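*Asks:* Okay, so here is protein17.cif, and as you'll see once you scroll down, it has mmCIF, C-alpha atoms and all ligand atoms.
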data_start
loop_
_atom_site.group_PDB
_atom_site.id
_atom_site.type_symbol
_atom_site.label_atom_id
_atom_site.label_comp_id
_atom_site.auth_asym_id
_atom_site.auth_seq_id
_atom_site.Cartn_x
_atom_site.Cartn_y
_atom_site.Cartn_z
ATOM 1 C CA MET A 213 73.348 19.418 31.533
ATOM 2 C CA THR A 214 71.766 15.979 31.812
ATOM 3 C CA ARG A 215 69.374 15.744 28.912
ATOM 4 C CA LEU A 216 71.077 12.494 27.824
ATOM 5 C CA ALA A 217 72.158 11.157 31.202
ATOM 6 C CA GLY A 218 72.496 7.380 31.087
ATOM 7 C CA LYS A 219 72.254 7.202 27.282
ATOM 8 C CA ILE A 220 74.759 5.485 25.040
ATOM 9 C CA ALA A 221 75.014 6.821 21.500
ATOM 10 C CA LEU A 222 76.724 5.929 18.236
ATOM 11 C CA ILE A 223 77.281 8.822 15.820
ATOM 12 C CA THR A 224 78.656 8.241 12.313
ATOM 13 C CA GLY A 225 80.584 10.903 10.404
ATOM 14 C CA ALA A 226 81.550 12.343 13.773
ATOM 15 C CA ALA A 227 85.029 13.568 12.807
ATOM 16 C CA SER A 228 83.829 16.935 11.513
ATOM 17 C CA GLY A 229 80.915 19.240 10.839
ATOM 18 C CA GLN A 230 77.541 18.339 12.254
ATOM 19 C CA GLY A 231 78.574 14.908 13.556
ATOM 20 C CA ALA A 232 81.364 16.408 15.656
ATOM 21 C CA ALA A 233 78.949 19.050 16.994
ATOM 22 C CA ASP A 234 76.453 16.295 17.860
ATOM 23 C CA ALA A 235 79.144 14.348 19.720
ATOM 24 C CA GLU A 236 80.248 17.409 21.671
ATOM 25 C CA LEU A 237 76.701 18.295 22.737
ATOM 26 C CA PHE A 238 75.797 14.683 23.539
ATOM 27 C CA VAL A 239 78.842 14.287 25.792
ATOM 28 C CA ARG A 240 78.125 17.601 27.494
ATOM 29 C CA GLU A 241 74.570 16.396 28.181
ATOM 30 C CA GLY A 242 75.750 13.221 29.882
ATOM 31 C CA ALA A 243 75.800 10.613 27.113
ATOM 32 C CA ALA A 244 78.565 8.099 26.470
ATOM 33 C CA VAL A 245 79.390 8.420 22.776
ATOM 34 C CA MET A 246 81.032 6.158 20.229
ATOM 35 C CA LEU A 247 82.180 8.389 17.390
ATOM 36 C CA SER A 248 82.836 6.747 14.040
ATOM 37 C CA ASP A 249 84.168 8.091 10.762
ATOM 38 C CA ILE A 250 86.198 7.071 7.744
ATOM 39 C CA ASP A 251 88.692 9.834 8.642
ATOM 40 C CA ALA A 252 90.506 8.181 11.555
ATOM 41 C CA ALA A 253 92.958 10.983 12.351
ATOM 42 C CA ALA A 254 90.278 13.669 12.643
ATOM 43 C CA GLY A 255 87.899 11.353 14.500
ATOM 44 C CA GLU A 256 90.547 10.318 17.033
ATOM 45 C CA ALA A 257 91.297 13.987 17.642
ATOM 46 C CA VAL A 258 87.646 14.869 18.357
ATOM 47 C CA ALA A 259 87.225 11.907 20.725
ATOM 48 C CA ALA A 260 90.503 12.738 22.498
ATOM 49 C CA ARG A 261 89.393 16.353 22.976
ATOM 50 C CA LEU A 262 86.037 15.288 24.444
ATOM 51 C CA SER A 263 87.682 12.713 26.729
ATOM 52 C CA GLY A 264 90.210 15.334 27.798
ATOM 53 C CA GLN A 265 87.306 17.500 28.928
ATOM 54 C CA GLY A 266 86.061 14.658 31.133
ATOM 55 C CA GLY A 267 83.509 13.199 28.713
ATOM 56 C CA ARG A 268 82.888 9.550 27.877
ATOM 57 C CA ALA A 269 83.899 9.400 24.214
ATOM 58 C CA LEU A 270 85.613 6.798 22.076
ATOM 59 C CA PHE A 271 86.406 6.663 18.374
ATOM 60 C CA ARG A 272 86.273 3.815 15.901
ATOM 61 C CA ALA A 273 87.282 3.978 12.238
ATOM 62 C CA GLN A 274 84.384 2.855 10.068
ATOM 63 C CA ASP A 275 83.214 3.046 6.473
ATOM 64 C CA VAL A 276 79.423 3.035 6.830
ATOM 65 C CA ALA A 277 79.042 1.377 3.433
ATOM 66 C CA GLU A 278 80.684 -1.807 4.758
ATOM 67 C CA GLU A 279 78.437 -4.272 6.604
ATOM 68 C CA ALA A 280 81.254 -5.991 8.508
ATOM 69 C CA GLY A 281 82.331 -2.634 9.945
ATOM 70 C CA TRP A 282 78.826 -2.025 11.274
ATOM 71 C CA ILE A 283 78.775 -5.362 13.080
ATOM 72 C CA GLU A 284 82.144 -4.554 14.686
ATOM 73 C CA THR A 285 81.274 -0.952 15.565
ATOM 74 C CA VAL A 286 77.970 -1.826 17.222
ATOM 75 C CA ALA A 287 79.661 -4.651 19.161
ATOM 76 C CA ALA A 288 82.470 -2.289 20.222
ATOM 77 C CA SER A 289 79.945 0.313 21.453
ATOM 78 C CA VAL A 290 78.077 -2.262 23.528
ATOM 79 C CA ALA A 291 81.309 -3.733 24.883
ATOM 80 C CA ALA A 292 82.722 -0.315 25.834
ATOM 81 C CA PHE A 293 79.649 1.292 27.350
ATOM 82 C CA GLY A 294 77.289 -1.582 28.180
ATOM 83 C CA GLY A 295 74.480 -1.015 25.662
ATOM 84 C CA LEU A 296 73.140 1.269 22.931
ATOM 85 C CA HIS A 297 70.204 3.700 22.947
ATOM 86 C CA VAL A 298 70.843 6.211 20.165
ATOM 87 C CA LEU A 299 72.038 5.894 16.563
ATOM 88 C CA VAL A 300 72.740 9.023 14.522
ATOM 89 C CA ASN A 301 73.152 8.116 10.832
ATOM 90 C CA ASN A 302 75.063 11.276 9.972
ATOM 91 C CA ALA A 303 77.886 10.270 7.585
ATOM 92 C CA GLY A 304 77.298 11.546 4.077
ATOM 93 C CA ILE A 305 79.015 12.501 0.829
ATOM 94 C CA ILE A 306 78.170 14.475 -2.284
ATOM 95 C CA ALA A 307 79.631 14.231 -5.785
ATOM 96 C CA ARG A 308 78.118 17.427 -7.266
ATOM 97 C CA GLN A 309 77.184 15.860 -10.575
ATOM 98 C CA SER A 310 73.950 16.426 -12.518
ATOM 99 C CA VAL A 311 72.082 13.521 -14.128
ATOM 100 C CA ILE A 312 74.004 13.888 -17.389
ATOM 101 C CA GLU A 313 77.381 14.236 -15.635
ATOM 102 C CA THR A 314 76.915 11.418 -13.134
ATOM 103 C CA THR A 315 79.415 8.606 -13.369
ATOM 104 C CA LEU A 316 78.173 5.215 -12.323
ATOM 105 C CA GLU A 317 80.996 5.100 -9.783
ATOM 106 C CA ALA A 318 79.884 8.348 -8.096
ATOM 107 C CA TRP A 319 76.232 7.282 -8.200
ATOM 108 C CA ASN A 320 76.960 3.912 -6.580
ATOM 109 C CA ARG A 321 79.287 5.341 -3.929
ATOM 110 C CA THR A 322 76.879 8.125 -2.957
ATOM 111 C CA LEU A 323 73.991 5.707 -2.556
ATOM 112 C CA ALA A 324 76.241 3.224 -0.739
ATOM 113 C CA VAL A 325 77.315 5.787 1.872
ATOM 114 C CA ASN A 326 74.191 7.948 2.241
ATOM 115 C CA LEU A 327 71.452 5.337 1.894
ATOM 116 C CA THR A 328 72.864 1.817 2.225
ATOM 117 C CA GLY A 329 75.045 3.017 5.122
ATOM 118 C CA ALA A 330 72.006 4.212 7.072
ATOM 119 C CA MET A 331 70.103 1.000 6.293
ATOM 120 C CA LEU A 332 72.999 -1.138 7.527
ATOM 121 C CA GLY A 333 73.288 1.042 10.614
ATOM 122 C CA MET A 334 69.647 0.500 11.526
ATOM 123 C CA LYS A 335 69.853 -3.204 10.705
ATOM 124 C CA HIS A 336 72.747 -3.809 13.067
ATOM 125 C CA ALA A 337 72.164 -1.186 15.775
ATOM 126 C CA ALA A 338 68.436 -1.763 16.324
ATOM 127 C CA PRO A 339 68.759 -5.226 17.923
ATOM 128 C CA ALA A 340 71.329 -3.837 20.380
ATOM 129 C CA MET A 341 69.006 -0.895 21.101
ATOM 130 C CA ARG A 342 66.091 -3.286 21.660
ATOM 131 C CA ASP A 343 68.219 -5.250 24.131
ATOM 132 C CA SER A 344 69.011 -1.967 25.933
ATOM 133 C CA GLY A 345 65.310 -1.149 26.406
ATOM 134 C CA GLY A 346 64.740 0.909 23.247
ATOM 135 C CA GLY A 347 65.879 4.292 22.026
ATOM 136 C CA SER A 348 65.997 6.666 19.109
ATOM 137 C CA ILE A 349 67.432 6.693 15.581
ATOM 138 C CA ILE A 350 68.050 9.983 13.796
ATOM 139 C CA ASN A 351 68.656 9.864 10.045
ATOM 140 C CA LEU A 352 70.392 12.863 8.476
ATOM 141 C CA SER A 353 68.535 13.530 5.265
ATOM 142 C CA SER A 354 68.517 17.050 3.800
ATOM 143 C CA THR A 355 66.310 19.660 2.218
ATOM 144 C CA ALA A 356 67.579 17.796 -0.877
ATOM 145 C CA GLY A 357 65.308 14.998 0.362
ATOM 146 C CA MET A 358 62.289 17.320 0.183
ATOM 147 C CA THR A 359 62.808 19.285 -3.021
ATOM 148 C CA ALA A 360 65.133 19.451 -6.036
ATOM 149 C CA TYR A 361 68.900 19.657 -5.700
ATOM 150 C CA ASP A 362 71.683 19.846 -8.300
ATOM 151 C CA ASP A 363 73.442 16.579 -7.478
ATOM 152 C CA ALA A 364 71.497 13.623 -8.867
ATOM 153 C CA ALA A 365 72.800 10.837 -6.636
ATOM 154 C CA TYR A 366 72.731 12.985 -3.492
ATOM 155 C CA THR A 367 69.117 13.989 -4.119
ATOM 156 C CA ALA A 368 68.088 10.391 -4.761
ATOM 157 C CA SER A 369 69.904 9.182 -1.639
ATOM 158 C CA LYS A 370 68.313 11.797 0.622
ATOM 159 C CA TRP A 371 64.790 11.199 -0.733
ATOM 160 C CA GLY A 372 65.461 7.491 -0.261
ATOM 161 C CA LEU A 373 66.550 7.968 3.326
ATOM 162 C CA ARG A 374 63.358 9.895 4.060
ATOM 163 C CA GLY A 375 61.318 6.912 2.836
ATOM 164 C CA LEU A 376 63.515 4.325 4.505
ATOM 165 C CA THR A 377 62.915 6.125 7.797
ATOM 166 C CA LYS A 378 59.153 5.514 7.492
ATOM 167 C CA SER A 379 59.714 1.829 6.803
ATOM 168 C CA ALA A 380 61.936 1.530 9.868
ATOM 169 C CA VAL A 381 59.207 3.071 12.049
ATOM 170 C CA LEU A 382 56.940 0.121 11.342
ATOM 171 C CA GLN A 383 59.534 -2.448 12.246
ATOM 172 C CA PHE A 384 61.091 -0.817 15.283
ATOM 173 C CA ALA A 385 58.108 0.664 17.161
ATOM 174 C CA PRO A 386 57.430 -2.697 18.876
ATOM 175 C CA TRP A 387 61.013 -2.526 20.150
ATOM 176 C CA ASN A 388 60.398 0.936 21.639
ATOM 177 C CA ILE A 389 62.750 2.503 19.097
ATOM 178 C CA ARG A 390 61.679 5.765 17.449
ATOM 179 C CA VAL A 391 63.015 6.730 14.012
ATOM 180 C CA ASN A 392 62.948 10.248 12.588
ATOM 181 C CA SER A 393 64.616 12.071 9.718
ATOM 182 C CA ILE A 394 65.953 15.588 9.864
ATOM 183 C CA HIS A 395 66.412 17.803 6.808
ATOM 184 C CA PRO A 396 69.067 20.489 7.195
ATOM 185 C CA GLY A 397 69.403 23.339 4.749
ATOM 186 C CA THR A 398 72.877 24.685 4.073
ATOM 187 C CA ILE A 399 74.985 24.420 7.240
ATOM 188 C CA ALA A 400 78.161 26.469 7.670
ATOM 189 C CA GLU A 401 81.490 25.033 8.843
ATOM 190 C CA THR A 402 80.937 21.753 6.989
ATOM 191 C CA SER A 403 82.745 20.438 3.936
ATOM 192 C CA PHE A 404 79.415 20.483 2.125
ATOM 193 C CA ALA A 405 79.188 24.259 2.438
ATOM 194 C CA ARG A 406 82.915 24.908 1.996
ATOM 195 C CA LEU A 407 83.230 22.903 -1.226
ATOM 196 C CA GLY A 408 80.119 24.240 -2.911
ATOM 197 C CA GLY A 409 82.086 26.463 -5.273
ATOM 198 C CA GLU A 410 82.128 30.181 -5.862
ATOM 199 C CA GLY A 411 79.005 31.980 -4.722
ATOM 200 C CA PHE A 412 77.424 28.853 -3.219
ATOM 201 C CA GLU A 413 77.270 29.997 0.399
ATOM 202 C CA ALA A 414 76.192 33.542 -0.536
ATOM 203 C CA ALA A 415 73.429 32.302 -2.847
ATOM 204 C CA ALA A 416 72.287 29.763 -0.248
ATOM 205 C CA ALA A 417 72.005 32.498 2.373
ATOM 206 C CA MET A 418 69.968 34.656 -0.015
ATOM 207 C CA SER A 419 67.479 31.829 -0.572
ATOM 208 C CA ILE A 420 66.909 31.287 3.166
ATOM 209 C CA PRO A 421 64.235 33.523 4.729
ATOM 210 C CA LEU A 422 66.389 33.957 7.864
ATOM 211 C CA GLY A 423 69.130 35.286 5.557
ATOM 212 C CA ARG A 424 71.998 33.121 6.811
ATOM 213 C CA LEU A 425 73.327 29.586 6.871
ATOM 214 C CA GLY A 426 72.644 27.307 9.814
ATOM 215 C CA MET A 427 75.346 26.281 12.275
ATOM 216 C CA PRO A 428 76.305 22.721 13.273
ATOM 217 C CA GLN A 429 75.455 23.595 16.885
ATOM 218 C CA GLU A 430 71.882 24.367 15.770
ATOM 219 C CA THR A 431 71.325 21.024 14.042
ATOM 220 C CA ALA A 432 72.972 19.330 17.039
ATOM 221 C CA GLU A 433 70.245 20.753 19.285
ATOM 222 C CA LEU A 434 67.574 19.113 17.100
ATOM 223 C CA VAL A 435 69.448 15.804 17.009
ATOM 224 C CA LEU A 436 69.784 15.965 20.799
ATOM 225 C CA PHE A 437 66.068 16.655 21.227
ATOM 226 C CA LEU A 438 65.141 13.684 19.025
ATOM 227 C CA ALA A 439 67.655 11.485 20.860
ATOM 228 C CA SER A 440 66.322 12.431 24.276
ATOM 229 C CA ASP A 441 63.176 11.335 26.101
ATOM 230 C CA ALA A 442 61.814 14.877 25.639
ATOM 231 C CA SER A 443 60.694 13.746 22.161
ATOM 232 C CA SER A 444 59.199 10.453 23.395
ATOM 233 C CA PHE A 445 56.087 10.581 21.150
ATOM 234 C CA ILE A 446 57.779 11.865 17.980
ATOM 235 C CA ASN A 447 58.146 8.938 15.600
ATOM 236 C CA GLY A 448 58.419 8.925 11.810
ATOM 237 C CA ALA A 449 58.578 12.703 11.591
ATOM 238 C CA GLU A 450 60.568 14.614 8.981
ATOM 239 C CA ILE A 451 61.813 17.897 10.373
ATOM 240 C CA ALA A 452 63.266 20.642 8.206
ATOM 241 C CA ILE A 453 65.948 22.720 9.945
ATOM 242 C CA ASP A 454 66.632 25.250 7.259
ATOM 243 C CA GLY A 455 65.782 28.816 8.306
ATOM 244 C CA GLY A 456 62.468 28.590 6.424
ATOM 245 C CA TYR A 457 63.895 27.470 3.050
ATOM 246 C CA ILE A 458 61.449 24.618 2.380
ATOM 247 C CA ALA A 459 58.437 26.487 3.752
ATOM 248 C CA ALA A 460 59.023 29.828 2.075
ATOM 249 C CA GLY A 461 62.289 29.859 0.114
ATOM 250 C CA THR A 462 60.637 30.062 -3.323
ATOM 251 C CA VAL A 463 58.542 33.132 -2.567
ATOM 252 C CA HIS A 464 61.410 34.633 -0.592
ATOM 253 C CA LEU A 465 63.618 34.365 -3.711
ATOM 254 C CA ARG A 466 60.812 35.662 -5.934
ATOM 255 C CA ASN A 467 60.569 38.725 -3.720
ATOM 256 C CA HIS A 468 64.347 39.240 -4.085
ATOM 257 C CA LEU A 469 64.003 39.001 -7.870
ATOM 258 C CA ARG A 470 61.021 41.346 -7.911
ATOM 259 C CA ALA A 471 62.946 43.956 -5.918
ATOM 260 C CA GLU A 472 65.884 43.576 -8.310
ATOM 261 C CA TYR A 473 63.587 43.861 -11.340
ATOM 262 C CA THR A 474 61.993 47.026 -9.941
ATOM 263 C CA ARG A 475 65.423 48.502 -9.108
ATOM 264 C CA ARG A 476 66.641 47.961 -12.691
ATOM 265 C CA ARG A 477 63.492 49.457 -14.254
ATOM 266 C CA ASN A 478 63.753 52.646 -12.185
HETATM 267 N N1 LIG B 1 76.341 20.763 5.456
HETATM 268 C C1 LIG B 1 75.188 20.907 4.856
HETATM 269 O O1 LIG B 1 74.889 21.966 4.295
HETATM 270 C C2 LIG B 1 74.202 19.761 4.858
HETATM 271 C C3 LIG B 1 72.885 20.019 4.471
HETATM 272 C C4 LIG B 1 71.965 18.979 4.496
HETATM 273 C C5 LIG B 1 72.339 17.724 4.908
HETATM 274 N N2 LIG B 1 73.639 17.493 5.272
HETATM 275 C C6 LIG B 1 73.972 16.146 5.723
HETATM 276 O O2 LIG B 1 74.514 16.211 7.018
HETATM 277 C C7 LIG B 1 75.361 15.085 7.254
HETATM 278 C C8 LIG B 1 76.643 15.548 7.926
HETATM 279 O O3 LIG B 1 77.468 16.244 7.014
HETATM 280 P P1 LIG B 1 78.212 17.613 7.405
HETATM 281 O O4 LIG B 1 77.329 18.681 6.972
HETATM 282 O O5 LIG B 1 78.629 17.577 8.809
HETATM 283 O O6 LIG B 1 79.453 17.540 6.409
HETATM 284 P P2 LIG B 1 80.974 17.078 6.623
HETATM 285 O O7 LIG B 1 81.463 16.694 5.267
HETATM 286 O O8 LIG B 1 81.696 18.145 7.341
HETATM 287 O O9 LIG B 1 80.910 15.768 7.522
HETATM 288 C C9 LIG B 1 80.645 14.498 6.977
HETATM 289 C C10 LIG B 1 81.490 13.450 7.706
HETATM 290 O O10 LIG B 1 81.160 12.151 7.174
HETATM 291 C C11 LIG B 1 82.369 11.416 7.050
HETATM 292 N N3 LIG B 1 82.221 10.343 6.050
HETATM 293 C C12 LIG B 1 82.190 10.479 4.710
HETATM 294 N N4 LIG B 1 82.073 9.261 4.137
HETATM 295 C C13 LIG B 1 82.034 8.351 5.148
HETATM 296 C C14 LIG B 1 81.921 6.930 5.185
HETATM 297 N N5 LIG B 1 81.843 6.195 4.068
HETATM 298 N N6 LIG B 1 81.904 6.320 6.396
HETATM 299 C C15 LIG B 1 82.001 7.034 7.530
HETATM 300 N N7 LIG B 1 82.125 8.391 7.553
HETATM 301 C C16 LIG B 1 82.134 9.035 6.366
HETATM 302 C C17 LIG B 1 83.402 12.454 6.631
HETATM 303 O O11 LIG B 1 84.733 12.000 6.861
HETATM 304 C C18 LIG B 1 82.997 13.644 7.492
HETATM 305 O O12 LIG B 1 83.664 13.642 8.749
HETATM 306 C C19 LIG B 1 75.541 14.412 5.888
HETATM 307 O O13 LIG B 1 74.730 13.265 5.825
HETATM 308 C C20 LIG B 1 75.059 15.461 4.919
HETATM 309 O O14 LIG B 1 74.544 14.902 3.729
HETATM 310 C C21 LIG B 1 74.567 18.489 5.245
#
Please lay out the structure from this file as structure tokens.
Ligand SMILES: NC(=O)c1ccc[n+]([C@@H]2O[C@H](COP(=O)([O-])OP(=O)(O)OC[C@H]3O[C@@H](n4cnc5c(N)ncnc54)[C@H](O)[C@@H]3O)[C@@H](O)[C@H]2O)c1
*Replies:*
Amino acid sequence: MTRLAGKIALITGAASGQGAADAELFVREGAAVMLSDIDAAAGEAVAARLSGQGGRALFRAQDVAEEAGWIETVAASVAAFGGLHVLVNNAGIIARQSVIETTLEAWNRTLAVNLTGAMLGMKHAAPAMRDSGGGSIINLSSTAGMTAYDDAAYTASKWGLRGLTKSAVLQFAPWNIRVNSIHPGTIAETSFARLGGEGFEAAAAMSIPLGRLGMPQETAELVLFLASDASSFINGAEIAIDGGYIAAGTVHLRNHLRAEYTRRRN
């Protein structure tokens, strides 16, 4: 259990869902972790649980859309643990509004959290990572950053984050910092899945060739791999973790529909 021994990591949105699973796995694998989230009560509770199990975990309240908070959070991570090697830009929100429905307020807030937040994170964490000898940045995009999705602002933010990741590769490679984006499909036990509305989780599972939603522990394994030295030559990659949805979801659904069509005709 030492895949991250000696590493110091900062994970945003770590109070719940995938971020909390990342923090738990990172700590178990030997990392010191600064958890941050806008939800202070839930974030404190996760950090306290991990510390109680003997892990090195601290929490800091942070809104990733605020630049001043990034400067303070990065400084606090370095002060507490002595450096920084890994940044996981995980915090994200969704408004569930189509283009016609989108309010300017929801559009601006979604882009501020999902895209500007990740940009600010890289801007302020990368120099500390450079001074620690380099490291790895993992940006949480989505399958909504690879194909269409219902929410206009969310889709735009996740496509934007995929592109921003490539730009960061150019700048940070000389600092020995790798930057990759991951693209989860629908992940269970997250507010994203829970708040999708009636039929959302069932329909999502039907569209995934593996026939089920992913689990936060499964995306955490990918984040861990990209954070660790085991992925030392992976840089600028975009990795779908979606049970085959991007690769084969369309034909998979077509086959469902064909079977249904045949059943009704007979
Ligand atoms: N769950 C899915 O199906 C799914 C699929 C693809 C991508 N994603 C992405 O995965 C990431 C993690 O989300 P999750 O699935 O764990 O959902 P989640 O809602 O359970 O967790 C998101 C966390 O981000 C925090 N957060 C929200 N706004 C914040 C802000 N301004 N500053 C700091 N923290 C903030 C929330 O408090 C929450 O703890 C998100 O970027 C999301 O877009 C999720």
*Asks:* Quick one: contact table of chain A to ligand LIG 1 (chain B), 6 Å max, nearest atom pair and distance in Å to one decimal per residue, counting all atoms listed in the file, chain and number order, as JSON lines?
*Replies:*
{"residue": "A:Thr224", "atom": "CA", "partner": "B:LIG1", "partner_atom": "N7", "distance": 5.9}
{"residue": "A:Gly225", "atom": "CA", "partner": "B:LIG1", "partner_atom": "O10", "distance": 3.5}
{"residue": "A:Ala226", "atom": "CA", "partner": "B:LIG1", "partner_atom": "O12", "distance": 5.6}
{"residue": "A:Ala227", "atom": "CA", "partner": "B:LIG1", "partner_atom": "O12", "distance": 4.3}
{"residue": "A:Ser228", "atom": "CA", "partner": "B:LIG1", "partner_atom": "O12", "distance": 4.3}
{"residue": "A:Gly229", "atom": "CA", "partner": "B:LIG1", "partner_atom": "O5", "distance": 3.5}
{"residue": "A:Gln230", "atom": "CA", "partner": "B:LIG1", "partner_atom": "O5", "distance": 3.7}
{"residue": "A:Gly231", "atom": "CA", "partner": "B:LIG1", "partner_atom": "O5", "distance": 5.4}
{"residue": "A:Asp249", "atom": "CA", "partner": "B:LIG1", "partner_atom": "N7", "distance": 3.8}
{"residue": "A:Ile250", "atom": "CA", "partner": "B:LIG1", "partner_atom": "C15", "distance": 4.2}
{"residue": "A:Asp251", "atom": "CA", "partner": "B:LIG1", "partner_atom": "O11", "distance": 4.9}
{"residue": "A:Gln274", "atom": "CA", "partner": "B:LIG1", "partner_atom": "C15", "distance": 5.4}
{"residue": "A:Asp275", "atom": "CA", "partner": "B:LIG1", "partner_atom": "N6", "distance": 3.5}
{"residue": "A:Val276", "atom": "CA", "partner": "B:LIG1", "partner_atom": "N6", "distance": 4.1}
{"residue": "A:Ala277", "atom": "CA", "partner": "B:LIG1", "partner_atom": "N5", "distance": 5.6}
{"residue": "A:Asn302", "atom": "CA", "partner": "B:LIG1", "partner_atom": "O13", "distance": 4.6}
{"residue": "A:Ala303", "atom": "CA", "partner": "B:LIG1", "partner_atom": "O10", "distance": 3.8}
{"residue": "A:Gly304", "atom": "CA", "partner": "B:LIG1", "partner_atom": "O13", "distance": 3.6}
{"residue": "A:Ile305", "atom": "CA", "partner": "B:LIG1", "partner_atom": "C12", "distance": 5.4}
{"residue": "A:Val325", "atom": "CA", "partner": "B:LIG1", "partner_atom": "N5", "distance": 5.0}
{"residue": "A:Leu352", "atom": "CA", "partner": "B:LIG1", "partner_atom": "O13", "distance": 5.1}
{"residue": "A:Ser353", "atom": "CA", "partner": "B:LIG1", "partner_atom": "C5", "distance": 5.7}
{"residue": "A:Ser354", "atom": "CA", "partner": "B:LIG1", "partner_atom": "C4", "distance": 4.0}
{"residue": "A:Pro396", "atom": "CA", "partner": "B:LIG1", "partner_atom": "C4", "distance": 4.2}
{"residue": "A:Gly397", "atom": "CA", "partner": "B:LIG1", "partner_atom": "C3", "distance": 4.8}
{"residue": "A:Thr398", "atom": "CA", "partner": "B:LIG1", "partner_atom": "O1", "distance": 3.4}
{"residue": "A:Ile399", "atom": "CA", "partner": "B:LIG1", "partner_atom": "O1", "distance": 3.8}
{"residue": "A:Thr402", "atom": "CA", "partner": "B:LIG1", "partner_atom": "O8", "distance": 3.7}
{"residue": "A:Ser403", "atom": "CA", "partner": "B:LIG1", "partner_atom": "O7", "distance": 4.2}
{"residue": "A:Phe404", "atom": "CA", "partner": "B:LIG1", "partner_atom": "N1", "distance": 4.5}
{"residue": "A:Ala405", "atom": "CA", "partner": "B:LIG1", "partner_atom": "O1", "distance": 5.2}
*Asks:* Tell me which protein, DNA and RNA residues are within 7 Å of Ala269 in chain A, counting all atoms listed in the file, leaving out same-chain ones fewer than 6 positions away, and put them as a ChimeraX atom specification.
*Replies:* /A:244-246,259,262-263
*Asks:* For the residues in that selection, give me C-alpha atoms as a PDB file, keeping the file's coordinate frame.
*Replies:*
ATOM      1  CA  ALA A 244      78.565   8.099  26.470  1.00  0.00           C
ATOM      2  CA  VAL A 245      79.390   8.420  22.776  1.00  0.00           C
ATOM      3  CA  MET A 246      81.032   6.158  20.229  1.00  0.00           C
ATOM      4  CA  ALA A 259      87.225  11.907  20.725  1.00  0.00           C
ATOM      5  CA  LEU A 262      86.037  15.288  24.444  1.00  0.00           C
ATOM      6  CA  SER A 263      87.682  12.713  26.729  1.00  0.00           C
TER       7      SER A 263
END
*Asks:* Which is closest to Pro421 in chain A among A:Asn388, A:Asn467, A:Ser444, A:Gln383, if we use all atoms listed in the file?
*Replies:*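 Nearest to Pro421 in chain A: A:Asn467.
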*Asks:* Give me the residues near Glu279 in chain A as a list in words, where near means some atom within 12 Å (using all atoms listed in the file) and where sequence neighbours in that chain fewer than 4 positions away do not count.
*Replies:*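 Residues near the query, excluding close chain neighbours: Gln274, Asp275, Ile283, Glu284, Thr285, Val286, Ala324, Val325, Thr328, Gly329, Ala330, Met331, Leu332, Gly333, Met334, Lys335, His336 and Ala337 of chain A.
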*Asks:* Between CA of Arg390 in chain A and CA of Ile350 in chain A, what is the spacing in Å?
*Replies:*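 Interatomic distance, CA of Ile350 in chain A to CA of Arg390 in chain A: 8.5 Å.
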